[in-house]
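Have a look at the structure below, then the notes.
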2 protein chains.
Amino acid sequence: MVNQQFTFAVHIMTMLAFAGEKLDSRKLAASVNTNPVVVRRLLQALRRAGLVATAAGRHGGSRLTKGAARISLLEIYDAVEPRPVIAINRRQAARTCVVSCNMKDIMSCVAEGAEGAVRRHLRGINLQQLLRKVKTKPARTARAR
Amino acid sequence: MVNQQFTFAVHIMTMLAFAGEKLDSRKLAASVNTNPVVVRRLLQALRRAGLVATAAGRHGGSRLTKGAARISLLEIYDAVEPRPVIAINRRQAARTCVVSCNMKDIMSCVAEGAEGAVRRHLRGINLQQLLRKVKTKPARTARAR
DNA sequence: TATTTCTGTAATAAATACGATTACATTTAA
DNA sequence: TTAAATGTAATCGTATTTATTACAGAAATA
């Protein structure tokens with residue numbers, strides 16, 4: 001299964017931005033269609049990144065710590081620390097093969113470039129932009145697929 | 001387990017470019033440090049993309065169909081069809097939640113942008129550039145990690 | 001032509017990653 | 001004090017990925 005933590009986290013953040021008030025993990029989980037514990041784990045990561053604040057106990061829940069316009073998708077991306085965009089071969093190189101010995105460095109360079117490209121893309125998008133797309137489109141127009 | 005097909009494929013292609021001659025799946029597998037069958041499956045994908053030609057039978061093996069300078073990493077990327085850079089939530093949306101109903105479209109847009117950024121990056125790198133890095137650096141200077 | 005050495009590919013096993021769930025201690029409001 | 005939340009560890013089930021085995025087919029060569 002593909003790692004969906006980033007998607008889940010963006011969904012959670014969008015929900016919090018849209019609601020503009022404290023939401024508990026049960027409500028967030030219902031929207032994402034997953035388990036509250038999964039949401040709480042992601043909220044923990046978002047909290048560590050300073051993006052949300054959480055109140056424990058009765059009537060607890062989480063809210064954003066700053067305005068949606070000031071939160072970029074890159075911040076969310078870094079908060080959940082997803083796997084690299086391009087995985088490199090982690091196993092031992094074949095010592096007798098020049099190519100094999102150099103592949104790790106070569107692919108690391110390629111992977112870093114790709115990672116940077118994704119990061120630049122995400123840095124250019126903020127939560128408020130996503131919010132506008134939610135408000136623009138009523139729920140009943142949701143497409144299949 | 002993380003998908004390493006792209007890394008494996010680039011390694012294979014770099015080997016073929018470096019060798020400049022037909023190599024069999026056993027030799028390629030030794031360099032990548034994996035099983036010959038894994039290599040043959042990747043060669044099948046590369047063959048379908050027209051990047052390599054394979055001879056069956058005794059003294060068989062694979063070689064590049066064109067010069068390293070004319071093969072971009074994007075072609076290799078497309079040949080192995082890796083998973084999307086950013087996975088989107090595939091499950092049902094919560095019909096009563098406006099945000100939930102819009103998230104798939106919103107994230108698809110974000111994911112497509114990220115995919116495009118990676119593709120542009122890979123399009124700008126060709127096999128010959130990787131080859132130069134191999135030739136520049138002798139095997140004994142390979143670093144740990 | 002028989003043998004050897006490759007490839008192609010299916011089938012299956014093993015390792016790993018991911019998300020779901022259960023459980024329970026802790027916190028806070030009422 | 002109780003109810004309703006969070007925090008977090010532990011475990012399970014499933015999906016994904018790679019490794020391995022097995023064997024049929026192809027081509028070179030003795």
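Convention: chains lettered A, B, ... in structure tokens order; per-chain residue numbering from 1; ligands numbered from 1 as shown.
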If we count only C-alpha atoms (C1' of nucleotides), what is near DG19 of chain C at a cut-off of 10 Å, once residues fewer than 4 positions away on the same chain are taken out, given as a PDB file with C-alpha atoms (C1' of nucleotides), in the first residue's frame?
ATOM      1  CA  MET A   1       0.000   0.000   0.000  1.00  0.00           C
ATOM      2  CA  ASN A   3       1.973   5.823   2.002  1.00  0.00           C
ATOM      3  CA  GLN A   4      -0.952   8.195   2.336  1.00  0.00           C
ATOM      4  CA  GLN A   5       0.185  10.146   5.353  1.00  0.00           C
ATOM      5  CA  THR A  34     -10.029   6.349   8.648  1.00  0.00           C
ATOM      6  CA  ASN A  35      -9.529   5.534  12.308  1.00  0.00           C
ATOM      7  CA  VAL A  38      -4.485   7.231  12.747  1.00  0.00           C
TER       8      VAL A  38
ATOM      9  C1'  DG D  13      -4.377  -8.105   8.689  1.00  0.00           C
ATOM     10  C1'  DT D  14      -3.407  -6.937   4.241  1.00  0.00           C
TER      11       DT D  14
END
| request: Please identify which residues in chain B DSSP calls alpha helix (DSSP H) from the backbone, and express them as a ChimeraX atom specification. | output: /B:5-19,25-32,36-48,73-80,98-123,127-136
| All residues 10 Å or closer to DA5 of chain D, only C-alpha atoms (C1' of nucleotides), same chain fewer than 3 positions away omitted, as an MDAnalysis selection string | (chainID A and resid 24:26 55:61) or (chainID C and resid 27:29)
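Of all the residues in chain A, the ones DSSP labels as strand (DSSP E) from the backbone are Val52, Ala53, Thr54, Ala55, Gly61, Ser62, Arg63 and Leu64 of chain A.
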For the residues in that selection, give me N, CA and C atoms as a compact mmCIF listing (two decimals), in the first residue's frame.
# COMPACT_ATOMS: atom_id res chain seq x y z
N VAL A 52 -0.45 22.78 14.48
CA VAL A 52 -1.73 22.70 15.19
C VAL A 52 -1.47 22.71 16.70
N ALA A 53 -2.51 23.05 17.44
CA ALA A 53 -2.46 22.97 18.89
C ALA A 53 -3.59 22.06 19.30
N THR A 54 -3.33 21.21 20.29
CA THR A 54 -4.34 20.23 20.70
C THR A 54 -4.68 20.39 22.17
N ALA A 55 -5.96 20.32 22.47
CA ALA A 55 -6.40 20.33 23.86
C ALA A 55 -6.81 18.90 24.24
N GLY A 61 -9.59 18.63 21.40
CA GLY A 61 -9.55 18.65 19.94
C GLY A 61 -8.40 19.52 19.47
N SER A 62 -8.29 19.67 18.15
CA SER A 62 -7.16 20.41 17.59
C SER A 62 -7.63 21.58 16.74
N ARG A 63 -6.78 22.58 16.64
CA ARG A 63 -7.04 23.72 15.77
C ARG A 63 -5.72 24.21 15.19
N LEU A 64 -5.79 24.99 14.12
CA LEU A 64 -4.59 25.55 13.52
C LEU A 64 -3.97 26.59 14.43
Least-squares fit on all C-alpha atoms, paired in order: put chain B onto chain A and return it as a PDB file with C-alpha atoms, in the first residue's frame.
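So result.pdb came out as:
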ATOM      1  CA  MET B   1       0.656  -0.488   0.864  1.00  0.00           C
ATOM      2  CA  VAL B   2       1.197   3.022  -0.351  1.00  0.00           C
ATOM      3  CA  ASN B   3       2.015   5.714   2.143  1.00  0.00           C
ATOM      4  CA  GLN B   4      -0.890   8.158   2.370  1.00  0.00           C
ATOM      5  CA  GLN B   5       0.200  10.140   5.388  1.00  0.00           C
ATOM      6  CA  PHE B   6       0.762  13.334   3.454  1.00  0.00           C
ATOM      7  CA  THR B   7      -2.670  13.171   1.828  1.00  0.00           C
ATOM      8  CA  PHE B   8      -4.274  12.418   5.169  1.00  0.00           C
ATOM      9  CA  ALA B   9      -2.407  15.283   6.799  1.00  0.00           C
ATOM     10  CA  VAL B  10      -3.411  17.778   4.111  1.00  0.00           C
ATOM     11  CA  HIS B  11      -7.000  16.601   4.447  1.00  0.00           C
ATOM     12  CA  ILE B  12      -6.894  17.112   8.198  1.00  0.00           C
ATOM     13  CA  MET B  13      -5.348  20.547   7.879  1.00  0.00           C
ATOM     14  CA  THR B  14      -7.900  21.562   5.258  1.00  0.00           C
ATOM     15  CA  MET B  15     -10.705  20.431   7.539  1.00  0.00           C
ATOM     16  CA  LEU B  16      -9.319  22.454  10.418  1.00  0.00           C
ATOM     17  CA  ALA B  17      -8.911  25.499   8.190  1.00  0.00           C
ATOM     18  CA  PHE B  18     -12.418  25.103   6.808  1.00  0.00           C
ATOM     19  CA  ALA B  19     -14.020  24.636  10.201  1.00  0.00           C
ATOM     20  CA  GLY B  20     -12.133  27.502  11.781  1.00  0.00           C
ATOM     21  CA  GLU B  21     -12.727  25.912  15.152  1.00  0.00           C
ATOM     22  CA  LYS B  22     -11.551  23.050  17.298  1.00  0.00           C
ATOM     23  CA  LEU B  23     -12.359  19.605  15.878  1.00  0.00           C
ATOM     24  CA  ASP B  24     -11.889  16.279  17.627  1.00  0.00           C
ATOM     25  CA  SER B  25     -10.160  13.244  16.148  1.00  0.00           C
ATOM     26  CA  ARG B  26     -13.444  11.417  15.634  1.00  0.00           C
ATOM     27  CA  LYS B  27     -14.842  14.089  13.335  1.00  0.00           C
ATOM     28  CA  LEU B  28     -11.585  14.404  11.444  1.00  0.00           C
ATOM     29  CA  ALA B  29     -11.379  10.630  11.057  1.00  0.00           C
ATOM     30  CA  ALA B  30     -14.918  10.533   9.675  1.00  0.00           C
ATOM     31  CA  SER B  31     -13.999  13.061   7.003  1.00  0.00           C
ATOM     32  CA  VAL B  32     -10.779  11.282   6.025  1.00  0.00           C
ATOM     33  CA  ASN B  33     -12.569   7.946   6.364  1.00  0.00           C
ATOM     34  CA  THR B  34     -10.035   6.358   8.635  1.00  0.00           C
ATOM     35  CA  ASN B  35      -9.569   5.539  12.308  1.00  0.00           C
ATOM     36  CA  PRO B  36      -9.350   8.263  14.998  1.00  0.00           C
ATOM     37  CA  VAL B  37      -6.061   6.809  16.231  1.00  0.00           C
ATOM     38  CA  VAL B  38      -4.542   7.249  12.791  1.00  0.00           C
ATOM     39  CA  VAL B  39      -5.646  10.872  12.877  1.00  0.00           C
ATOM     40  CA  ARG B  40      -4.239  11.412  16.346  1.00  0.00           C
ATOM     41  CA  ARG B  41      -0.876  10.078  15.254  1.00  0.00           C
ATOM     42  CA  LEU B  42      -0.813  12.539  12.364  1.00  0.00           C
ATOM     43  CA  LEU B  43      -1.938  15.350  14.670  1.00  0.00           C
ATOM     44  CA  GLN B  44       1.013  14.510  16.873  1.00  0.00           C
ATOM     45  CA  ALA B  45       3.358  15.088  13.924  1.00  0.00           C
ATOM     46  CA  LEU B  46       1.578  18.293  12.960  1.00  0.00           C
ATOM     47  CA  ARG B  47       1.741  19.442  16.571  1.00  0.00           C
ATOM     48  CA  ARG B  48       5.462  18.795  16.759  1.00  0.00           C
ATOM     49  CA  ALA B  49       5.823  20.949  13.636  1.00  0.00           C
ATOM     50  CA  GLY B  50       3.864  23.704  15.381  1.00  0.00           C
ATOM     51  CA  LEU B  51       1.026  23.666  12.865  1.00  0.00           C
ATOM     52  CA  VAL B  52      -1.768  22.686  15.230  1.00  0.00           C
ATOM     53  CA  ALA B  53      -2.537  22.963  18.917  1.00  0.00           C
ATOM     54  CA  THR B  54      -4.437  20.260  20.724  1.00  0.00           C
ATOM     55  CA  ALA B  55      -6.542  20.378  23.878  1.00  0.00           C
ATOM     56  CA  ALA B  56      -6.885  17.166  25.847  1.00  0.00           C
ATOM     57  CA  GLY B  57      -9.849  16.019  27.898  1.00  0.00           C
ATOM     58  CA  ARG B  58     -13.557  16.558  27.460  1.00  0.00           C
ATOM     59  CA  HIS B  59     -14.428  18.962  24.636  1.00  0.00           C
ATOM     60  CA  GLY B  60     -10.853  18.612  23.522  1.00  0.00           C
ATOM     61  CA  GLY B  61      -9.631  18.674  19.933  1.00  0.00           C
ATOM     62  CA  SER B  62      -7.242  20.432  17.597  1.00  0.00           C
ATOM     63  CA  ARG B  63      -7.081  23.747  15.767  1.00  0.00           C
ATOM     64  CA  LEU B  64      -4.629  25.544  13.514  1.00  0.00           C
ATOM     65  CA  THR B  65      -2.013  27.733  15.177  1.00  0.00           C
ATOM     66  CA  LYS B  66      -1.981  30.270  12.342  1.00  0.00           C
ATOM     67  CA  GLY B  67      -3.964  31.401   9.334  1.00  0.00           C
ATOM     68  CA  ALA B  68      -4.400  29.141   6.340  1.00  0.00           C
ATOM     69  CA  ALA B  69      -2.614  31.635   4.107  1.00  0.00           C
ATOM     70  CA  ARG B  70       0.504  31.266   6.220  1.00  0.00           C
ATOM     71  CA  ILE B  71       0.663  27.464   6.004  1.00  0.00           C
ATOM     72  CA  SER B  72       2.324  25.959   2.943  1.00  0.00           C
ATOM     73  CA  LEU B  73       1.967  22.357   1.875  1.00  0.00           C
ATOM     74  CA  LEU B  74       5.722  22.042   2.285  1.00  0.00           C
ATOM     75  CA  GLU B  75       5.321  22.602   6.020  1.00  0.00           C
ATOM     76  CA  ILE B  76       2.795  19.782   6.154  1.00  0.00           C
ATOM     77  CA  TYR B  77       5.065  17.627   4.009  1.00  0.00           C
ATOM     78  CA  ASP B  78       7.984  18.153   6.356  1.00  0.00           C
ATOM     79  CA  ALA B  79       5.793  17.570   9.386  1.00  0.00           C
ATOM     80  CA  VAL B  80       4.891  14.030   8.321  1.00  0.00           C
ATOM     81  CA  GLU B  81       8.343  13.249   6.901  1.00  0.00           C
ATOM     82  CA  PRO B  82       7.251  11.085   3.997  1.00  0.00           C
ATOM     83  CA  ARG B  83       9.596   8.645   2.279  1.00  0.00           C
ATOM     84  CA  PRO B  84      11.888  10.013  -0.403  1.00  0.00           C
ATOM     85  CA  VAL B  85      10.298  10.675  -3.772  1.00  0.00           C
ATOM     86  CA  ILE B  86      12.881   8.410  -5.396  1.00  0.00           C
ATOM     87  CA  ALA B  87      14.209   5.444  -3.424  1.00  0.00           C
ATOM     88  CA  ILE B  88      17.855   4.601  -3.844  1.00  0.00           C
ATOM     89  CA  ASN B  89      19.334   1.116  -3.720  1.00  0.00           C
ATOM     90  CA  ARG B  90      20.469   0.609  -0.156  1.00  0.00           C
ATOM     91  CA  ARG B  91      22.277  -2.665  -0.585  1.00  0.00           C
ATOM     92  CA  GLN B  92      26.013  -3.306  -0.842  1.00  0.00           C
ATOM     93  CA  ALA B  93      27.691  -2.402  -4.112  1.00  0.00           C
ATOM     94  CA  ALA B  94      29.589  -5.053  -6.048  1.00  0.00           C
ATOM     95  CA  ARG B  95      33.196  -4.092  -5.318  1.00  0.00           C
ATOM     96  CA  THR B  96      34.500  -5.391  -8.613  1.00  0.00           C
ATOM     97  CA  CYS B  97      32.095  -3.201 -10.619  1.00  0.00           C
ATOM     98  CA  VAL B  98      32.908   0.469 -11.175  1.00  0.00           C
ATOM     99  CA  VAL B  99      29.339   1.314 -12.069  1.00  0.00           C
ATOM    100  CA  SER B 100      27.955  -0.462  -9.031  1.00  0.00           C
ATOM    101  CA  CYS B 101      30.380   1.367  -6.740  1.00  0.00           C
ATOM    102  CA  ASN B 102      29.250   4.734  -8.054  1.00  0.00           C
ATOM    103  CA  MET B 103      25.519   4.201  -8.346  1.00  0.00           C
ATOM    104  CA  LYS B 104      24.639   5.226  -4.821  1.00  0.00           C
ATOM    105  CA  ASP B 105      26.221   8.651  -5.193  1.00  0.00           C
ATOM    106  CA  ILE B 106      24.843   9.089  -8.679  1.00  0.00           C
ATOM    107  CA  MET B 107      21.284   8.174  -7.713  1.00  0.00           C
ATOM    108  CA  SER B 108      21.454  10.194  -4.520  1.00  0.00           C
ATOM    109  CA  CYS B 109      22.159  13.221  -6.639  1.00  0.00           C
ATOM    110  CA  VAL B 110      19.252  12.474  -8.972  1.00  0.00           C
ATOM    111  CA  ALA B 111      16.940  11.790  -6.038  1.00  0.00           C
ATOM    112  CA  GLU B 112      17.903  14.995  -4.266  1.00  0.00           C
ATOM    113  CA  GLY B 113      17.119  16.983  -7.367  1.00  0.00           C
ATOM    114  CA  ALA B 114      13.711  15.346  -7.644  1.00  0.00           C
ATOM    115  CA  GLU B 115      13.046  15.928  -3.968  1.00  0.00           C
ATOM    116  CA  GLY B 116      13.947  19.579  -4.402  1.00  0.00           C
ATOM    117  CA  ALA B 117      11.609  19.924  -7.359  1.00  0.00           C
ATOM    118  CA  VAL B 118       8.714  18.522  -5.342  1.00  0.00           C
ATOM    119  CA  ARG B 119       9.539  20.725  -2.375  1.00  0.00           C
ATOM    120  CA  ARG B 120       9.595  23.861  -4.502  1.00  0.00           C
ATOM    121  CA  HIS B 121       6.226  22.901  -5.899  1.00  0.00           C
ATOM    122  CA  LEU B 122       4.702  22.335  -2.472  1.00  0.00           C
ATOM    123  CA  ARG B 123       6.225  25.520  -1.096  1.00  0.00           C
ATOM    124  CA  GLY B 124       4.234  27.452  -3.680  1.00  0.00           C
ATOM    125  CA  ILE B 125       0.876  26.172  -2.472  1.00  0.00           C
ATOM    126  CA  ASN B 126      -0.766  27.269   0.763  1.00  0.00           C
ATOM    127  CA  LEU B 127      -3.780  25.993   2.649  1.00  0.00           C
ATOM    128  CA  GLN B 128      -5.883  29.000   1.750  1.00  0.00           C
ATOM    129  CA  GLN B 129      -5.576  28.170  -1.937  1.00  0.00           C
ATOM    130  CA  LEU B 130      -6.911  24.686  -1.244  1.00  0.00           C
ATOM    131  CA  LEU B 131      -9.686  26.166   0.863  1.00  0.00           C
ATOM    132  CA  ARG B 132     -10.828  28.308  -2.043  1.00  0.00           C
ATOM    133  CA  LYS B 133     -11.266  25.187  -4.118  1.00  0.00           C
ATOM    134  CA  VAL B 134     -13.476  23.685  -1.442  1.00  0.00           C
ATOM    135  CA  LYS B 135     -15.686  26.711  -1.154  1.00  0.00           C
ATOM    136  CA  THR B 136     -15.973  27.104  -4.919  1.00  0.00           C
ATOM    137  CA  LYS B 137     -17.357  23.699  -5.504  1.00  0.00           C
ATOM    138  CA  PRO B 138     -20.529  22.400  -3.784  1.00  0.00           C
ATOM    139  CA  ALA B 139     -20.446  18.838  -2.509  1.00  0.00           C
ATOM    140  CA  ARG B 140     -22.964  17.481  -4.966  1.00  0.00           C
ATOM    141  CA  THR B 141     -20.668  18.036  -7.949  1.00  0.00           C
ATOM    142  CA  ALA B 142     -18.028  15.635  -6.649  1.00  0.00           C
ATOM    143  CA  ARG B 143     -17.043  13.309  -9.459  1.00  0.00           C
ATOM    144  CA  ALA B 144     -16.784   9.567  -9.469  1.00  0.00           C
ATOM    145  CA  ARG B 145     -13.350   7.847  -9.404  1.00  0.00           C
TER     146      ARG B 145
END
